[in-house]
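Engineer: Just passing along the structure, written as structure tokens.
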Amino acid sequence: MTMSVTDLSPDVRDAATAFLLAIADDEFVAGHRFTDWVAVGPTMEEDNALASIAQDELGHARLWYEYVADALDGDLDDLALNRPASERRNTVLVESPHEDFAAAIAVNVLYDAAEVLFLEALHDGDVAEIAARAAQALNEEAFHREHADLWLDRLTATEEGRARLTAAFQEAIPRAADLFAFDADRSEALVEGGVLARPVSDLAVDWAATVRADLDGSPLPLDETLEGIEPEGAPAQNGRRGEHTPALESLVTQLHPDNVVGDHPINRYQP
Amino acid sequence: MSEANVPTDTEAALESAPSEERAVWEALRTVEDPELPVSIVDLGLIYDVEVRDGHASVDLTLTYSGCPARDIIVQDAEDAVLDIDDVDDVTVTLVHSPVWSYERITAEGRRRLTEHGLAVPGNTDAPDPNCHE
């Protein structure tokens, strides 16, 4: 059964707007961090690949921010650029700067596995406007997963690569604990209302299985870290509730240098 | 517009369009993707054209979601359609479904892309991409 956003009850519509704003924040912050690699990637080919992934994620952010801007009668640029860290609902997984190339690959593995699951559940949902946007984003995610898989193979081929990847995953996996930690009542409303084809808790279980499958076969000593993944456990820090690391604050500050003059969207920012 | 109505064959859609809509298709054919010397019609980005009482509506998609040329393409499309004598105003709507794919590129679009050194997947006429000759 296909329906339109206007067919949703006000409660479900609000829950969808909040959920998609969190997804948009994920995409925006993840994309922003990948842009840090522009012109400093390990090879020219990889520089292009990371820049392209960054562009895709920012494009997905725009798809969802536009939806939210429509729903709230808001402004696309204000949503993306001018919200303080405390109002953002992205997972803390994506907000740290990538201190090492292995950190970029760890985020690529962990975040894109989750993003695909969110997009599939939205695409298989009943709301036409949302499913169409998810279809376009999903089309591009296969490349991101492939990129992650190829680099896992390459980096695990050397001792240095294994050491750096292991450190990156040990640091990133605990931060991924809030990926699916959305408000339970609202998540249920999204499934009952037809916005999501599957419960968020099911996506969490699938994500843990995907990550274990990606890493179990690798020669990385991550058994203990992987055992620590509790798909339905309560995260120590939950970005879905606005609990963020200082890294997000510094990202938002970086977006607002004080030397931009004129009628630029960032000059509407009120910290 | 429902997904089922989106033309899979742009060339055929253009041929069978009533004359005032064909004028819009022809105007859109003058708009190129800023990144490629190929018209947005030949790239298969136009999903629907309608003209009613001097008002033109165009449904347009993009090849990928992060397309940085988006605002330029929409603006160029609006300008081109407004240049038509019988058109008073135009609405260009960006649509996301069905997802664009290489199959939508017309024969002319494939020829132009090949000339530009880009091979459309499945195009056996494209030169062998051997960089080491």
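Chains: A, B, ... in order of the structure tokens. Residues: from 1 per chain. Ligands: from 1, in order shown.
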Residues of chain A near chain B: apply a cut-off of 6 Å, count only C-alpha atoms, and supply the list as number ranges by chain.
Structural biologist: A: 55-56, 59, 132-133, 136
Engineer: Got a sec: who's within 9 Å of Gly44 in chain B, counting only C-alpha atoms, leaving out chain neighbours fewer than 2 positions off, as a ChimeraX atom specification?
Structural biologist: /B:7-10,39-42,46-47,61,100-106,109
Engineer: The selected residues should be written to file as a tab-separated table (two decimals), in the first residue's frame (atoms: C-alpha atoms).
Structural biologist:
chain	number	residue	atom	x	y	z
B	7	PRO	CA	9.08	7.66	-20.17
B	8	THR	CA	11.71	4.94	-20.43
B	9	ASP	CA	12.42	6.04	-23.99
B	10	THR	CA	12.96	9.80	-24.12
B	39	SER	CA	21.78	17.96	-23.11
B	40	ILE	CA	19.63	17.15	-20.08
B	41	VAL	CA	17.07	15.63	-22.49
B	42	ASP	CA	19.65	13.25	-23.95
B	46	ILE	CA	13.36	14.86	-18.01
B	47	TYR	CA	10.57	12.72	-16.57
B	61	THR	CA	15.66	14.32	-11.91
B	100	TRP	CA	17.89	7.65	-12.85
B	101	SER	CA	20.04	5.05	-14.60
B	102	TYR	CA	22.32	4.82	-17.64
B	103	GLU	CA	19.51	3.14	-19.62
B	104	ARG	CA	17.79	6.53	-19.85
B	105	ILE	CA	20.55	8.10	-21.97
B	106	THR	CA	19.43	8.49	-25.60
B	109	GLY	CA	23.53	11.19	-25.57
Engineer: Write out as a PDB file with N, CA and C atoms, in the first residue's frame which residues come within 10 Å of Glu46 in chain A when counting only C-alpha atoms, dropping same-chain ones fewer than 6 positions away.
Structural biologist:
ATOM      1  N   TRP A  37      39.388  14.869   3.999  1.00  0.00           N
ATOM      2  CA  TRP A  37      40.402  14.123   3.252  1.00  0.00           C
ATOM      3  C   TRP A  37      40.708  14.739   1.886  1.00  0.00           C
ATOM      4  N   VAL A  38      39.930  15.757   1.501  1.00  0.00           N
ATOM      5  CA  VAL A  38      40.129  16.321   0.166  1.00  0.00           C
ATOM      6  C   VAL A  38      41.546  16.890   0.046  1.00  0.00           C
ATOM      7  N   ALA A  39      42.270  16.396  -0.944  1.00  0.00           N
ATOM      8  CA  ALA A  39      43.652  16.810  -1.236  1.00  0.00           C
ATOM      9  C   ALA A  39      44.682  16.289  -0.248  1.00  0.00           C
ATOM     10  N   VAL A  40      44.278  15.479   0.740  1.00  0.00           N
ATOM     11  CA  VAL A  40      45.275  14.848   1.611  1.00  0.00           C
ATOM     12  C   VAL A  40      45.066  13.336   1.704  1.00  0.00           C
ATOM     13  N   SER A  52      34.291  11.914  -3.305  1.00  0.00           N
ATOM     14  CA  SER A  52      33.034  11.519  -3.925  1.00  0.00           C
ATOM     15  C   SER A  52      32.055  10.959  -2.880  1.00  0.00           C
ATOM     16  N   HIS A 147      33.700   0.275  -1.222  1.00  0.00           N
ATOM     17  CA  HIS A 147      34.912   1.009  -0.850  1.00  0.00           C
ATOM     18  C   HIS A 147      35.443   0.500   0.494  1.00  0.00           C
TER      19      HIS A 147
END
Engineer: Report as a VMD selection string all protein, DNA and RNA residues lying within 7 Å of range 66-72 of chain A, evaluated on only C-alpha atoms, omitting residues in the same chain fewer than 4 positions from it.
Structural biologist: chain A and resid 17 21 62 76
Engineer: Just write the chosen residues, N, CA and C atoms, as a PDB file, in the first residue's frame.
Structural biologist:
ATOM      1  N   THR A  17       9.389  13.212  11.000  1.00  0.00           N
ATOM      2  CA  THR A  17      10.219  14.406  10.840  1.00  0.00           C
ATOM      3  C   THR A  17      11.432  14.338  11.772  1.00  0.00           C
ATOM      4  N   LEU A  21      15.288  13.925  10.545  1.00  0.00           N
ATOM      5  CA  LEU A  21      16.243  14.979  10.911  1.00  0.00           C
ATOM      6  C   LEU A  21      17.508  14.338  11.503  1.00  0.00           C
ATOM      7  N   ARG A  62      21.145  16.588   2.189  1.00  0.00           N
ATOM      8  CA  ARG A  62      20.270  17.576   1.566  1.00  0.00           C
ATOM      9  C   ARG A  62      18.891  16.996   1.272  1.00  0.00           C
ATOM     10  N   LEU A  76      16.474  25.034   4.554  1.00  0.00           N
ATOM     11  CA  LEU A  76      17.468  23.982   4.347  1.00  0.00           C
ATOM     12  C   LEU A  76      18.821  24.346   4.971  1.00  0.00           C
TER      13      LEU A  76
END
Engineer: What are the DSSP strand (DSSP E) residues of chain B, as a list of chain:residue names?
Structural biologist: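 Restricting chain B to strand (DSSP E) produces B:Ile46, B:Tyr47, B:Asp48, B:Val49, B:Glu50, B:Val51, B:Arg52, B:His55, B:Ala56, B:Ser57, B:Val58, B:Asp59, B:Leu60, B:Asp89, B:Val90, B:Thr91, B:Val92, B:Thr93, B:Leu94.
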Engineer: Would you output that residue set with N, CA and C atoms, as a CSV table (one decimal), in the first residue's frame?
Structural biologist:
chain,number,residue,atom,x,y,z
B,46,ILE,N,14.7,14.3,-18.0
B,46,ILE,CA,13.4,14.9,-18.0
B,46,ILE,C,12.3,13.7,-17.9
B,47,TYR,N,11.5,13.8,-16.8
B,47,TYR,CA,10.6,12.7,-16.6
B,47,TYR,C,9.2,13.1,-17.0
B,48,ASP,N,8.9,14.4,-17.1
B,48,ASP,CA,7.5,14.7,-17.6
B,48,ASP,C,7.5,16.2,-18.1
B,49,VAL,N,6.7,16.4,-19.1
B,49,VAL,CA,6.5,17.8,-19.6
B,49,VAL,C,5.0,18.0,-19.8
B,50,GLU,N,4.5,19.1,-19.4
B,50,GLU,CA,3.1,19.3,-19.6
B,50,GLU,C,2.9,20.8,-19.9
B,51,VAL,N,2.0,21.2,-20.8
B,51,VAL,CA,1.7,22.6,-21.0
B,51,VAL,C,0.2,22.8,-21.0
B,52,ARG,N,-0.2,23.7,-20.1
B,52,ARG,CA,-1.7,24.0,-20.0
B,52,ARG,C,-1.9,25.5,-19.9
B,55,HIS,N,1.0,27.6,-19.2
B,55,HIS,CA,1.8,27.3,-18.0
B,55,HIS,C,2.5,25.9,-18.3
B,56,ALA,N,3.8,25.9,-18.3
B,56,ALA,CA,4.6,24.7,-18.5
B,56,ALA,C,5.0,24.1,-17.2
B,57,SER,N,4.9,22.7,-17.1
B,57,SER,CA,5.4,22.0,-15.9
B,57,SER,C,6.4,21.0,-16.4
B,58,VAL,N,7.6,21.0,-15.7
B,58,VAL,CA,8.6,20.0,-16.1
B,58,VAL,C,9.0,19.3,-14.8
B,59,ASP,N,9.0,17.9,-14.9
B,59,ASP,CA,9.6,17.1,-13.9
B,59,ASP,C,11.0,16.7,-14.3
B,60,LEU,N,11.9,16.9,-13.4
B,60,LEU,CA,13.3,16.7,-13.8
B,60,LEU,C,14.0,15.9,-12.6
B,89,ASP,N,4.6,31.0,-18.0
B,89,ASP,CA,5.4,30.7,-16.8
B,89,ASP,C,5.7,29.2,-16.8
B,90,VAL,N,6.6,28.9,-15.9
B,90,VAL,CA,7.1,27.5,-15.8
B,90,VAL,C,7.4,27.1,-14.4
B,91,THR,N,7.0,25.8,-14.1
B,91,THR,CA,7.4,25.2,-12.8
B,91,THR,C,8.3,24.0,-13.1
B,92,VAL,N,9.5,24.1,-12.6
B,92,VAL,CA,10.4,22.9,-12.7
B,92,VAL,C,10.4,22.2,-11.3
B,93,THR,N,10.0,20.9,-11.3
B,93,THR,CA,10.0,20.2,-10.1
B,93,THR,C,11.0,19.1,-10.1
B,94,LEU,N,11.8,19.1,-9.0
B,94,LEU,CA,12.9,18.1,-8.9
B,94,LEU,C,12.2,16.8,-8.3
Engineer: Of the candidates B:Ala17, B:Val6, B:Ala12, B:Val74, which one gets nearest to Glu32 in chain B if we count only C-alpha atoms?
Structural biologist: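 Ranked by minimum distance to Glu32 in chain B, first place goes to B:Val74.
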Engineer: I want to know what sits within 12 Å of Ala142 in chain A, based on only C-alpha atoms, with residues of the same chain fewer than 5 positions away left out; could you give that as a list in words?
Structural biologist: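 My reading of the contact set: Ile53, Asp56, Asn108, Val109, Asp112, Ala113, Glu115, Val116, Leu117, Leu119, Glu120, Ala135, Gln136, Ala137, His147, Ala148 and Asp149 of chain A.
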